[in-house]
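Coordinates as given in final-v2.pdb (PDB, C-alpha atoms and all ligand atoms):
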ATOM      1  CA  MET A   1       8.153  25.979   3.904
ATOM      2  CA  VAL A   2       5.645  28.558   2.661
ATOM      3  CA  ARG A   3       4.723  28.191  -0.985
ATOM      4  CA  ASP A   4       3.196  30.746  -3.278
ATOM      5  CA  PHE A   5      -0.143  29.611  -4.641
ATOM      6  CA  SER A   6      -1.948  31.282  -7.512
ATOM      7  CA  GLY A   7      -5.231  31.160  -9.374
ATOM      8  CA  GLU A   8      -3.754  28.295 -11.368
ATOM      9  CA  THR A   9      -2.655  26.115  -8.463
ATOM     10  CA  ALA A  10      -3.923  22.564  -8.959
ATOM     11  CA  VAL A  11      -5.118  20.909  -5.759
ATOM     12  CA  VAL A  12      -4.969  17.234  -4.863
ATOM     13  CA  GLY A  13      -5.252  15.716  -1.419
ATOM     14  CA  LEU A  14      -6.258  12.971   0.924
ATOM     15  CA  ILE A  15      -9.629  12.129   2.425
ATOM     16  CA  GLY A  16      -9.725   9.869   5.473
ATOM     17  CA  TYR A  17     -10.434   9.987   9.175
ATOM     18  CA  PRO A  18      -8.063  10.657  10.783
ATOM     19  CA  VAL A  19      -5.481  12.070   8.357
ATOM     20  CA  ALA A  20      -3.136  13.953  10.679
ATOM     21  CA  HIS A  21      -0.397  11.309  10.627
ATOM     22  CA  SER A  22      -0.383  10.783   6.872
ATOM     23  CA  LEU A  23       2.998  10.833   5.153
ATOM     24  CA  SER A  24       1.505  11.447   1.704
ATOM     25  CA  PRO A  25       1.448  15.290   1.893
ATOM     26  CA  VAL A  26       5.196  15.594   2.429
ATOM     27  CA  MET A  27       5.935  12.997  -0.231
ATOM     28  CA  HIS A  28       3.816  14.679  -2.934
ATOM     29  CA  ASN A  29       4.566  18.288  -1.998
ATOM     30  CA  ARG A  30       8.325  17.673  -2.148
ATOM     31  CA  ALA A  31       7.856  16.129  -5.581
ATOM     32  CA  PHE A  32       5.808  19.134  -6.795
ATOM     33  CA  ALA A  33       8.454  21.503  -5.442
ATOM     34  CA  GLN A  34      11.288  19.569  -7.066
ATOM     35  CA  LEU A  35       9.557  19.712 -10.464
ATOM     36  CA  GLU A  36       8.527  23.371  -9.874
ATOM     37  CA  MET A  37       4.899  22.382 -10.484
ATOM     38  CA  ASN A  38       2.101  24.689  -9.365
ATOM     39  CA  TRP A  39       0.359  21.884  -7.483
ATOM     40  CA  VAL A  40      -0.380  21.282  -3.807
ATOM     41  CA  TYR A  41      -1.423  18.195  -1.795
ATOM     42  CA  VAL A  42      -3.703  18.866   1.192
ATOM     43  CA  PRO A  43      -5.042  16.434   3.842
ATOM     44  CA  PHE A  44      -8.820  16.649   4.459
ATOM     45  CA  PRO A  45     -10.288  14.978   7.568
ATOM     46  CA  VAL A  46     -13.711  13.692   6.452
ATOM     47  CA  ARG A  47     -16.053  12.041   8.959
ATOM     48  CA  PRO A  48     -17.817   8.908   7.690
ATOM     49  CA  GLU A  49     -21.209  10.633   7.646
ATOM     50  CA  ASP A  50     -19.788  13.444   5.489
ATOM     51  CA  LEU A  51     -18.241  11.269   2.783
ATOM     52  CA  GLU A  52     -20.894  11.850   0.106
ATOM     53  CA  ALA A  53     -20.768  15.617   0.681
ATOM     54  CA  ALA A  54     -16.967  15.536   0.518
ATOM     55  CA  VAL A  55     -17.036  13.730  -2.844
ATOM     56  CA  LYS A  56     -19.544  16.255  -4.213
ATOM     57  CA  GLY A  57     -17.314  18.972  -2.796
ATOM     58  CA  LEU A  58     -14.192  17.724  -4.479
ATOM     59  CA  ARG A  59     -16.030  17.780  -7.796
ATOM     60  CA  ALA A  60     -17.509  21.239  -7.054
ATOM     61  CA  LEU A  61     -14.126  22.641  -6.025
ATOM     62  CA  SER A  62     -12.390  21.099  -9.068
ATOM     63  CA  LEU A  63      -9.806  19.191  -7.073
ATOM     64  CA  ARG A  64      -7.684  17.208  -9.546
ATOM     65  CA  GLY A  65      -7.873  14.085  -7.437
ATOM     66  CA  VAL A  66      -7.558  12.628  -3.982
ATOM     67  CA  ASN A  67      -6.101   9.675  -2.190
ATOM     68  CA  VAL A  68      -8.602   7.793  -0.069
ATOM     69  CA  THR A  69      -7.759   6.112   3.198
ATOM     70  CA  VAL A  70      -9.412   4.489   6.217
ATOM     71  CA  PRO A  71     -12.406   4.381   6.703
ATOM     72  CA  HIS A  72     -13.540   5.433   3.213
ATOM     73  CA  LYS A  73     -11.799   3.059   0.789
ATOM     74  CA  THR A  74     -14.870   0.877   0.186
ATOM     75  CA  ALA A  75     -17.604   3.305   1.256
ATOM     76  CA  ILE A  76     -16.639   5.794  -1.471
ATOM     77  CA  VAL A  77     -17.397   3.385  -4.337
ATOM     78  CA  PRO A  78     -21.121   4.299  -4.821
ATOM     79  CA  PHE A  79     -20.287   8.018  -5.105
ATOM     80  CA  LEU A  80     -17.865   7.642  -8.034
ATOM     81  CA  ASP A  81     -18.631   7.537 -11.767
ATOM     82  CA  ARG A  82     -16.412   4.603 -12.730
ATOM     83  CA  LEU A  83     -13.957   2.139 -11.201
ATOM     84  CA  THR A  84     -10.796   0.899 -12.894
ATOM     85  CA  PRO A  85     -10.461  -2.893 -13.206
ATOM     86  CA  ALA A  86      -7.891  -2.855 -10.358
ATOM     87  CA  ALA A  87     -10.250  -1.017  -7.979
ATOM     88  CA  ALA A  88     -13.136  -3.288  -8.975
ATOM     89  CA  ALA A  89     -11.067  -6.444  -8.379
ATOM     90  CA  ILE A  90      -9.854  -5.238  -4.975
ATOM     91  CA  GLY A  91     -13.235  -3.750  -4.034
ATOM     92  CA  ALA A  92     -11.563  -0.634  -2.681
ATOM     93  CA  VAL A  93     -10.399   2.756  -3.964
ATOM     94  CA  ASN A  94      -7.244   4.524  -2.787
ATOM     95  CA  THR A  95      -6.996   7.104  -5.581
ATOM     96  CA  VAL A  96      -9.670   9.225  -7.280
ATOM     97  CA  ILE A  97      -8.870  10.995 -10.532
ATOM     98  CA  ASN A  98     -11.110  13.922 -11.466
ATOM     99  CA  GLN A  99     -11.477  14.017 -15.256
ATOM    100  CA  ASP A 100     -13.376  17.307 -15.701
ATOM    101  CA  GLY A 101     -16.027  16.356 -13.171
ATOM    102  CA  TYR A 102     -16.090  12.648 -14.035
ATOM    103  CA  LEU A 103     -14.653  10.795 -11.029
ATOM    104  CA  VAL A 104     -12.630   7.650 -11.666
ATOM    105  CA  GLY A 105     -11.887   5.393  -8.677
ATOM    106  CA  ASP A 106      -8.588   3.576  -8.973
ATOM    107  CA  ASN A 107      -6.422   1.506  -6.678
ATOM    108  CA  THR A 108      -2.652   1.996  -6.825
ATOM    109  CA  ASP A 109      -1.881  -0.231  -3.824
ATOM    110  CA  ALA A 110      -1.664  -3.429  -5.890
ATOM    111  CA  ILE A 111       0.470  -2.022  -8.701
ATOM    112  CA  GLY A 112       2.430   0.035  -6.162
ATOM    113  CA  PHE A 113       3.304  -3.051  -4.160
ATOM    114  CA  VAL A 114       4.445  -4.953  -7.254
ATOM    115  CA  ARG A 115       6.457  -1.944  -8.414
ATOM    116  CA  SER A 116       8.193  -1.780  -5.007
ATOM    117  CA  LEU A 117       9.349  -5.385  -5.532
ATOM    118  CA  ARG A 118      10.604  -4.594  -9.028
ATOM    119  CA  GLU A 119      12.318  -1.313  -8.234
ATOM    120  CA  GLU A 120      13.625  -1.932  -4.720
ATOM    121  CA  ALA A 121      14.535  -5.640  -5.002
ATOM    122  CA  ASP A 122      14.696  -6.340  -8.763
ATOM    123  CA  PHE A 123      12.041  -9.032  -8.210
ATOM    124  CA  ASP A 124       9.569  -9.995 -10.942
ATOM    125  CA  PRO A 125       6.509 -11.833  -9.574
ATOM    126  CA  ALA A 126       5.821 -13.613 -12.908
ATOM    127  CA  GLY A 127       6.053 -17.371 -12.318
ATOM    128  CA  SER A 128       6.866 -16.925  -8.614
ATOM    129  CA  ARG A 129       5.458 -18.595  -5.504
ATOM    130  CA  ALA A 130       4.205 -16.206  -2.835
ATOM    131  CA  VAL A 131       3.088 -16.546   0.778
ATOM    132  CA  ILE A 132       0.908 -13.755   2.185
ATOM    133  CA  LEU A 133       0.372 -13.500   5.948
ATOM    134  CA  GLY A 134      -3.021 -11.913   6.675
ATOM    135  CA  ALA A 135      -6.199 -11.611   4.623
ATOM    136  CA  GLY A 136      -7.434  -8.047   5.302
ATOM    137  CA  GLY A 137      -7.629  -5.046   3.001
ATOM    138  CA  ALA A 138      -3.894  -4.715   2.406
ATOM    139  CA  ALA A 139      -3.503  -8.455   1.757
ATOM    140  CA  ARG A 140      -6.320  -8.237  -0.775
ATOM    141  CA  ALA A 141      -4.558  -5.520  -2.785
ATOM    142  CA  ILE A 142      -1.281  -7.454  -2.634
ATOM    143  CA  ALA A 143      -2.883 -10.751  -3.688
ATOM    144  CA  VAL A 144      -4.553  -9.008  -6.656
ATOM    145  CA  GLY A 145      -1.263  -7.303  -7.570
ATOM    146  CA  LEU A 146       0.690 -10.558  -7.485
ATOM    147  CA  ALA A 147      -2.025 -12.480  -9.350
ATOM    148  CA  GLU A 148      -2.248  -9.823 -12.078
ATOM    149  CA  SER A 149       1.561  -9.947 -12.371
ATOM    150  CA  ARG A 150       1.205 -13.664 -13.148
ATOM    151  CA  ALA A 151       2.483 -15.178  -9.899
ATOM    152  CA  ALA A 152       2.260 -18.980 -10.254
ATOM    153  CA  ARG A 153       1.084 -19.801  -6.718
ATOM    154  CA  ILE A 154      -0.209 -17.739  -3.797
ATOM    155  CA  ALA A 155      -0.628 -19.207  -0.302
ATOM    156  CA  ILE A 156      -2.641 -17.095   2.119
ATOM    157  CA  ALA A 157      -2.107 -17.739   5.820
ATOM    158  CA  ASN A 158      -4.459 -15.970   8.188
ATOM    159  CA  ARG A 159      -5.467 -16.178  11.853
ATOM    160  CA  THR A 160      -9.059 -16.720  10.682
ATOM    161  CA  ARG A 161      -8.791 -19.437   8.037
ATOM    162  CA  GLU A 162     -12.200 -18.666   6.524
ATOM    163  CA  ARG A 163     -11.024 -15.195   5.543
ATOM    164  CA  ALA A 164      -7.886 -16.706   3.988
ATOM    165  CA  ARG A 165     -10.124 -19.008   1.954
ATOM    166  CA  GLU A 166     -12.226 -16.087   0.655
ATOM    167  CA  LEU A 167      -9.127 -14.214  -0.468
ATOM    168  CA  ALA A 168      -7.592 -17.350  -2.010
ATOM    169  CA  GLU A 169     -10.777 -17.805  -4.063
ATOM    170  CA  LEU A 170     -10.672 -14.214  -5.251
ATOM    171  CA  ALA A 171      -7.003 -14.471  -6.274
ATOM    172  CA  ALA A 172      -7.579 -17.830  -8.000
ATOM    173  CA  ARG A 173     -10.102 -16.173 -10.335
ATOM    174  CA  LEU A 174      -7.220 -14.038 -11.654
ATOM    175  CA  GLY A 175      -5.085 -17.031 -12.637
ATOM    176  CA  PRO A 176      -2.685 -18.401 -10.029
ATOM    177  CA  GLU A 177      -2.943 -21.600  -8.065
ATOM    178  CA  THR A 178      -3.917 -20.631  -4.516
ATOM    179  CA  THR A 179      -4.224 -22.208  -1.102
ATOM    180  CA  ALA A 180      -5.553 -21.023   2.267
ATOM    181  CA  LEU A 181      -3.973 -21.879   5.607
ATOM    182  CA  ALA A 182      -4.342 -20.938   9.224
ATOM    183  CA  LEU A 183      -1.476 -18.744  10.449
ATOM    184  CA  ASP A 184      -0.443 -21.463  12.907
ATOM    185  CA  SER A 185      -0.734 -24.320  10.405
ATOM    186  CA  PRO A 186       2.249 -26.712  10.216
ATOM    187  CA  GLU A 187       1.930 -26.592   6.401
ATOM    188  CA  LEU A 188       3.134 -22.995   6.442
ATOM    189  CA  GLU A 189       6.727 -24.241   6.869
ATOM    190  CA  GLU A 190       6.466 -26.246   3.611
ATOM    191  CA  GLU A 191       4.906 -23.349   1.730
ATOM    192  CA  LEU A 192       7.708 -21.073   2.891
ATOM    193  CA  ALA A 193      10.415 -23.579   1.994
ATOM    194  CA  ALA A 194       9.223 -23.461  -1.641
ATOM    195  CA  ALA A 195       8.334 -19.742  -1.751
ATOM    196  CA  ASP A 196      10.126 -16.935  -3.588
ATOM    197  CA  VAL A 197       8.450 -14.099  -1.686
ATOM    198  CA  LEU A 198       6.836 -13.699   1.755
ATOM    199  CA  VAL A 199       4.563 -10.709   2.415
ATOM    200  CA  GLN A 200       3.553  -9.865   5.988
ATOM    201  CA  THR A 201       0.360  -7.781   6.247
ATOM    202  CA  THR A 202      -0.861  -8.339   9.842
ATOM    203  CA  PRO A 203      -0.195  -5.886  12.691
ATOM    204  CA  LEU A 204       2.244  -8.391  14.252
ATOM    205  CA  GLY A 205       5.544  -6.582  14.664
ATOM    206  CA  MET A 206       3.921  -3.129  14.727
ATOM    207  CA  ALA A 207       5.120  -0.843  17.502
ATOM    208  CA  GLY A 208       2.678  -1.118  20.393
ATOM    209  CA  ALA A 209       0.824  -4.127  18.895
ATOM    210  CA  GLY A 210       2.610  -7.340  19.814
ATOM    211  CA  GLU A 211       6.022  -6.222  18.584
ATOM    212  CA  ALA A 212       7.687  -9.101  20.411
ATOM    213  CA  HIS A 213       6.012 -11.675  18.154
ATOM    214  CA  LEU A 214       7.422 -12.995  14.926
ATOM    215  CA  PRO A 215       4.536 -14.130  12.700
ATOM    216  CA  VAL A 216       6.611 -17.114  11.480
ATOM    217  CA  ASN A 217       9.482 -19.167  12.851
ATOM    218  CA  GLU A 218      12.784 -17.457  12.047
ATOM    219  CA  ASN A 219      14.306 -20.813  11.042
ATOM    220  CA  TRP A 220      11.816 -21.062   8.167
ATOM    221  CA  LEU A 221      13.391 -18.083   6.394
ATOM    222  CA  HIS A 222      15.993 -19.106   3.810
ATOM    223  CA  PRO A 223      17.658 -17.229   0.933
ATOM    224  CA  PRO A 224      16.773 -16.548  -1.827
ATOM    225  CA  LEU A 225      13.385 -15.792  -0.195
ATOM    226  CA  LEU A 226      12.450 -12.106  -0.503
ATOM    227  CA  VAL A 227      10.741 -10.919   2.698
ATOM    228  CA  CYS A 228       8.383  -7.899   2.692
ATOM    229  CA  ASP A 229       6.602  -6.422   5.671
ATOM    230  CA  ILE A 230       4.003  -3.747   5.026
ATOM    231  CA  VAL A 231       4.282  -2.529   8.632
ATOM    232  CA  TYR A 232       6.473   0.599   8.666
ATOM    233  CA  THR A 233       6.364   1.501  12.368
ATOM    234  CA  PRO A 234       9.044   0.490  13.241
ATOM    235  CA  LEU A 235      10.891   0.895   9.930
ATOM    236  CA  TYR A 236      12.663  -2.420  10.482
ATOM    237  CA  THR A 237      10.213  -4.844  12.041
ATOM    238  CA  PRO A 238      11.354  -7.923  13.983
ATOM    239  CA  LEU A 239      10.469 -10.023  10.906
ATOM    240  CA  LEU A 240      12.654  -7.918   8.610
ATOM    241  CA  ALA A 241      15.496  -8.040  11.131
ATOM    242  CA  ALA A 242      15.173 -11.841  11.372
ATOM    243  CA  ALA A 243      15.060 -12.143   7.565
ATOM    244  CA  ALA A 244      18.188 -10.032   7.200
ATOM    245  CA  ARG A 245      19.966 -12.137   9.873
ATOM    246  CA  ARG A 246      19.082 -15.242   7.894
ATOM    247  CA  GLY A 247      20.548 -13.722   4.713
ATOM    248  CA  CYS A 248      17.214 -13.012   2.973
ATOM    249  CA  ARG A 249      16.618  -9.889   0.915
ATOM    250  CA  ILE A 250      13.992  -7.540   2.325
ATOM    251  CA  VAL A 251      11.600  -4.792   1.198
ATOM    252  CA  PRO A 252      10.443  -2.656   4.153
ATOM    253  CA  GLY A 253       6.906  -1.299   4.516
ATOM    254  CA  TRP A 254       7.788   2.096   3.060
ATOM    255  CA  GLY A 255       8.144   0.407  -0.344
ATOM    256  CA  MET A 256       4.422  -0.063  -0.955
ATOM    257  CA  LEU A 257       3.646   3.346   0.553
ATOM    258  CA  LEU A 258       6.134   5.061  -1.765
ATOM    259  CA  TYR A 259       5.093   3.382  -4.992
ATOM    260  CA  GLN A 260       1.322   3.665  -4.436
ATOM    261  CA  GLY A 261       2.072   7.393  -4.183
ATOM    262  CA  VAL A 262       4.280   7.370  -7.282
ATOM    263  CA  GLU A 263       1.493   5.683  -9.251
ATOM    264  CA  ALA A 264      -1.118   8.177  -7.962
ATOM    265  CA  PHE A 265       1.151  11.114  -8.875
ATOM    266  CA  GLU A 266       1.466   9.783 -12.429
ATOM    267  CA  ARG A 267      -2.302   9.389 -12.788
ATOM    268  CA  TRP A 268      -3.094  12.921 -11.558
ATOM    269  CA  THR A 269      -0.347  14.840 -13.322
ATOM    270  CA  GLY A 270       0.568  12.685 -16.337
ATOM    271  CA  ARG A 271       4.221  13.138 -15.370
ATOM    272  CA  PRO A 272       6.786  10.802 -13.826
ATOM    273  CA  PRO A 273       7.619  11.993 -10.312
ATOM    274  CA  PRO A 274      11.129  12.288  -8.877
ATOM    275  CA  ILE A 275      11.079   8.973  -7.021
ATOM    276  CA  ALA A 276      14.337   9.558  -5.134
ATOM    277  CA  VAL A 277      12.949  12.839  -3.752
ATOM    278  CA  MET A 278       9.721  11.143  -2.658
ATOM    279  CA  ARG A 279      11.659   8.275  -1.044
ATOM    280  CA  ARG A 280      13.892  10.695   0.871
ATOM    281  CA  ALA A 281      10.882  12.756   2.057
ATOM    282  CA  LEU A 282       9.101   9.616   3.234
ATOM    283  CA  LEU A 283      12.093   8.140   5.040
ATOM    284  CA  ASP A 284      12.963  11.465   6.692
ATOM    285  CA  ALA A 285       9.365  11.861   7.914
ATOM    286  CA  LEU A 286       9.233   8.265   9.158
ATOM    287  CA  GLN A 287      12.540   8.559  10.966
ATOM    288  CA  MET A 288      11.503  11.860  12.524
ATOM    289  CA  SER A 289       8.113  10.598  13.731
ATOM    290  CA  GLN A 290       9.570   7.364  15.098
ATOM    291  CA  GLY A 291      12.445   9.160  16.741
ATOM    292  CA  SER A 292      10.042  11.547  18.470
ATOM    293  CA  GLU A 293       7.870   8.649  19.690
ATOM    294  CA  GLU A 294      10.886   6.976  21.243
ATOM    295  CA  ALA A 295      11.970  10.213  22.911
TER     296      ALA A 295
HETATM  297  P1  LIG A 301      -5.381  -4.009   6.724
HETATM  298  O1  LIG A 301      -6.208  -3.092   5.877
HETATM  299  O2  LIG A 301      -4.175  -3.357   7.320
HETATM  300  O3  LIG A 301      -5.033  -5.267   6.003
HETATM  301  P2  LIG A 301      -7.485  -5.357   8.176
HETATM  302  O4  LIG A 301      -8.324  -5.397   6.945
HETATM  303  O5  LIG A 301      -8.123  -4.997   9.471
HETATM  304  O6  LIG A 301      -6.272  -4.347   8.013
HETATM  305  O7  LIG A 301      -6.753  -6.785   8.330
HETATM  306  C1  LIG A 301      -5.944  -7.100   9.399
HETATM  307  C2  LIG A 301      -5.290  -8.470   9.165
HETATM  308  O8  LIG A 301      -4.382  -8.719  10.245
HETATM  309  C3  LIG A 301      -6.256  -9.628   9.154
HETATM  310  O9  LIG A 301      -5.743 -10.634   8.320
HETATM  311  C4  LIG A 301      -6.241 -10.073  10.615
HETATM  312  O10 LIG A 301      -6.578 -11.436  10.820
HETATM  313  P3  LIG A 301      -8.120 -11.913  11.026
HETATM  314  O11 LIG A 301      -8.709 -11.992   9.652
HETATM  315  O12 LIG A 301      -8.007 -13.225  11.690
HETATM  316  O13 LIG A 301      -8.769 -10.844  11.889
HETATM  317  C5  LIG A 301      -4.789  -9.893  10.936
HETATM  318  N1  LIG A 301      -4.540  -9.723  12.379
HETATM  319  C6  LIG A 301      -4.934  -8.690  13.161
HETATM  320  N2  LIG A 301      -4.488  -8.852  14.421
HETATM  321  C7  LIG A 301      -3.786 -10.025  14.432
HETATM  322  C8  LIG A 301      -3.071 -10.753  15.426
HETATM  323  N3  LIG A 301      -2.983 -10.308  16.692
HETATM  324  N4  LIG A 301      -2.489 -11.924  15.074
HETATM  325  C9  LIG A 301      -2.580 -12.385  13.813
HETATM  326  N5  LIG A 301      -3.229 -11.743  12.817
HETATM  327  C10 LIG A 301      -3.828 -10.578  13.119
END
Produce structure tokens that represent the structure in this file.
Ligand code: ATR
Amino acid sequence: MVRDFSGETAVVGLIGYPVAHSLSPVMHNRAFAQLEMNWVYVPFPVRPEDLEAAVKGLRALSLRGVNVTVPHKTAIVPFLDRLTPAAAAIGAVNTVINQDGYLVGDNTDAIGFVRSLREEADFDPAGSRAVILGAGGAARAIAVGLAESRAARIAIANRTRERARELAELAARLGPETTALALDSPELEEELAAADVLVQTTPLGMAGAGEAHLPVNENWLHPPLLVCDIVYTPLYTPLLAAAARRGCRIVPGWGMLLYQGVEAFERWTGRPPPIAVMRRALLDALQMSQGSEEA
């Protein structure tokens, strides 16, 4: 699809390294096209040593904003003018908004994850009990999102228990009761038995990275538990398949990806995006890329 740009085209994009496999351009560009907006989303590969220059460049070139991905999410913080409370709590930025040269660092992963639960599974985290598997960057955003949405209890189970403890302490400062476990702890079964939502954030189940392993025993999954996996390659991970077999509701990994993008779109443009169009673009691109890898 060739689009006509003009002197008034507003430019947003993505900085990361690498960026070639990102699904954000298709998601945002389809939304701009649907709304007939004179906007374009462009991926920019930025090497770590060029990050400061890239941030100066985005200000100099009057980009309206960018998404930020690996490896820049934390490294970009010193080059921005202000962080939102969400970005400060998570310690990472995934969205920059350029307000006439004043760069605001935000994080839409946390709110995007919570919105995916609300919109795709009609699940409100307020008062709920959550179990998060993993304690890395994604788990951090999810723990902050759940805590800020007034979850009652968050259990963090991680291969390295010390990291689970650090994240549990951070989440506890935002209100909920928290606990930290090792991923292979026998107490995980009890936590899951009482949980309303399970969120899987480790690479277990990812194509090419231990896909044969379920991070928890299938027999521990019981309705009405909602099971989310942030892995989206494959689209339906072994955990999601097991959860569905056991009668649990599921939110696949594209949920968080979609709604962090929806939230970024709203911040840059001030308009609500066509979510169904973005979802279709994302799922088509995911199915196409996964189909071609299998071929
Ligand atoms: P992300 O930004 O995707 O969360 P990350 O910050 O590198 O990535 O975090 C990866 C998470 O997956 C961590 O919780 C990691 O556990 P450790 O803290 O023990 O490293 C977890 N993880 C990675 N490989 C794993 C494996 N083979 N089994 C279990 N957990 C794993």
Please report, as JSON lines, each residue of chain A lying at most 8 Å from ligand LIG 301 (chain A), together with the nearest pair of atoms and the separation in Å rounded to one decimal; use only C-alpha atoms and all ligand atoms, and order rows by chain and ascending residue number.
{"residue": "A:Leu133", "atom": "CA", "partner": "A:LIG301", "partner_atom": "O9", "distance": 7.2}
{"residue": "A:Gly134", "atom": "CA", "partner": "A:LIG301", "partner_atom": "O9", "distance": 3.4}
{"residue": "A:Ala135", "atom": "CA", "partner": "A:LIG301", "partner_atom": "O9", "distance": 3.9}
{"residue": "A:Gly136", "atom": "CA", "partner": "A:LIG301", "partner_atom": "O4", "distance": 3.2}
{"residue": "A:Gly137", "atom": "CA", "partner": "A:LIG301", "partner_atom": "O1", "distance": 3.8}
{"residue": "A:Ala138", "atom": "CA", "partner": "A:LIG301", "partner_atom": "O3", "distance": 3.8}
{"residue": "A:Ala139", "atom": "CA", "partner": "A:LIG301", "partner_atom": "O3", "distance": 5.5}
{"residue": "A:Arg140", "atom": "CA", "partner": "A:LIG301", "partner_atom": "O3", "distance": 7.5}
{"residue": "A:Asn158", "atom": "CA", "partner": "A:LIG301", "partner_atom": "O9", "distance": 5.5}
{"residue": "A:Arg159", "atom": "CA", "partner": "A:LIG301", "partner_atom": "O12", "distance": 3.9}
{"residue": "A:Thr160", "atom": "CA", "partner": "A:LIG301", "partner_atom": "O12", "distance": 3.8}
{"residue": "A:Arg161", "atom": "CA", "partner": "A:LIG301", "partner_atom": "O12", "distance": 7.2}
{"residue": "A:Arg163", "atom": "CA", "partner": "A:LIG301", "partner_atom": "O11", "distance": 5.7}
{"residue": "A:Ala164", "atom": "CA", "partner": "A:LIG301", "partner_atom": "O11", "distance": 7.4}
{"residue": "A:Leu183", "atom": "CA", "partner": "A:LIG301", "partner_atom": "C9", "distance": 7.3}
{"residue": "A:Thr201", "atom": "CA", "partner": "A:LIG301", "partner_atom": "O3", "distance": 6.0}
{"residue": "A:Thr202", "atom": "CA", "partner": "A:LIG301", "partner_atom": "O8", "distance": 3.6}
{"residue": "A:Pro203", "atom": "CA", "partner": "A:LIG301", "partner_atom": "N2", "distance": 5.5}
{"residue": "A:Leu204", "atom": "CA", "partner": "A:LIG301", "partner_atom": "C8", "distance": 5.9}
{"residue": "A:Ala209", "atom": "CA", "partner": "A:LIG301", "partner_atom": "N3", "distance": 7.6}
{"residue": "A:Gly210", "atom": "CA", "partner": "A:LIG301", "partner_atom": "N3", "distance": 7.1}
{"residue": "A:Pro215", "atom": "CA", "partner": "A:LIG301", "partner_atom": "C9", "distance": 7.4}
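Distances from A:Ile250, A:Leu23, A:Met256, A:Leu181 to Glu166 of chain A were compared using all atoms listed in the file, and the smallest one belongs to A:Leu181.
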Show which residues sit within 8 Å of Ala152 of chain A, as a ChimeraX atom specification. Count only C-alpha atoms, and ignore same-chain residues fewer than 6 positions away.
/A:126-129,175-177
Could you write out as JSON, numbers by chain the residues that the PyMOL selection byres (((chain A and resi 73) around 10) and not hetatm) matches in the shown file?
{"A": [15, 16, 67, 68, 69, 70, 71, 72, 74, 75, 76, 77, 87, 91, 92, 93, 94, 95, 105, 107, 137]}
I'd like the interatomic distance between atom CA of Pro25 of chain A and atom CA of Val277 of chain A, to a tenth of an Å.
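These atoms are spaced 13.0 Å apart.
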Determine the residue membership of the PyMOL selection byres (((chain A and resi 58-65) around 8) and not hetatm) for the file above and supply it as a PDB file with C-alpha atoms, in the frame of the given file.
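And here is the file that came out, result-v2.pdb:
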ATOM      1  CA  ALA A  10      -3.923  22.564  -8.959  1.00  0.00           C
ATOM      2  CA  VAL A  11      -5.118  20.909  -5.759  1.00  0.00           C
ATOM      3  CA  VAL A  12      -4.969  17.234  -4.863  1.00  0.00           C
ATOM      4  CA  GLY A  13      -5.252  15.716  -1.419  1.00  0.00           C
ATOM      5  CA  ALA A  54     -16.967  15.536   0.518  1.00  0.00           C
ATOM      6  CA  VAL A  55     -17.036  13.730  -2.844  1.00  0.00           C
ATOM      7  CA  LYS A  56     -19.544  16.255  -4.213  1.00  0.00           C
ATOM      8  CA  GLY A  57     -17.314  18.972  -2.796  1.00  0.00           C
ATOM      9  CA  VAL A  66      -7.558  12.628  -3.982  1.00  0.00           C
ATOM     10  CA  ASN A  67      -6.101   9.675  -2.190  1.00  0.00           C
ATOM     11  CA  THR A  95      -6.996   7.104  -5.581  1.00  0.00           C
ATOM     12  CA  VAL A  96      -9.670   9.225  -7.280  1.00  0.00           C
ATOM     13  CA  ILE A  97      -8.870  10.995 -10.532  1.00  0.00           C
ATOM     14  CA  ASN A  98     -11.110  13.922 -11.466  1.00  0.00           C
ATOM     15  CA  GLN A  99     -11.477  14.017 -15.256  1.00  0.00           C
ATOM     16  CA  ASP A 100     -13.376  17.307 -15.701  1.00  0.00           C
ATOM     17  CA  GLY A 101     -16.027  16.356 -13.171  1.00  0.00           C
ATOM     18  CA  LEU A 103     -14.653  10.795 -11.029  1.00  0.00           C
ATOM     19  CA  TRP A 268      -3.094  12.921 -11.558  1.00  0.00           C
TER      20      TRP A 268
END
Which residues come within 10 Å of Ala276 of chain A, counting all atoms listed in the file, excluding same-chain residues fewer than 4 positions away, as a PyMOL selection string?
chain A and resi 31+258+280-282
Complete the atom set of segment 102-106 of chain A to N, CA, C and O atoms and return it as a JSON list (two decimals), in the frame of the given file.
[["chain", "number", "residue", "atom", "x", "y", "z"],
["A", 102, "TYR", "N", -15.79, 14.08, -13.98],
["A", 102, "TYR", "CA", -16.09, 12.65, -14.04],
["A", 102, "TYR", "C", -15.07, 11.94, -13.13],
["A", 102, "TYR", "O", -13.86, 12.01, -13.37],
["A", 103, "LEU", "N", -15.57, 11.30, -12.07],
["A", 103, "LEU", "CA", -14.65, 10.80, -11.03],
["A", 103, "LEU", "C", -14.34, 9.31, -11.23],
["A", 103, "LEU", "O", -15.24, 8.46, -11.17],
["A", 104, "VAL", "N", -13.07, 9.03, -11.47],
["A", 104, "VAL", "CA", -12.63, 7.65, -11.67],
["A", 104, "VAL", "C", -11.99, 7.15, -10.37],
["A", 104, "VAL", "O", -11.07, 7.78, -9.84],
["A", 105, "GLY", "N", -12.46, 6.00, -9.87],
["A", 105, "GLY", "CA", -11.89, 5.39, -8.68],
["A", 105, "GLY", "C", -10.88, 4.34, -9.08],
["A", 105, "GLY", "O", -11.19, 3.41, -9.81],
["A", 106, "ASP", "N", -9.66, 4.51, -8.61],
["A", 106, "ASP", "CA", -8.59, 3.58, -8.97],
["A", 106, "ASP", "C", -7.99, 3.02, -7.69],
["A", 106, "ASP", "O", -8.30, 3.47, -6.58]]
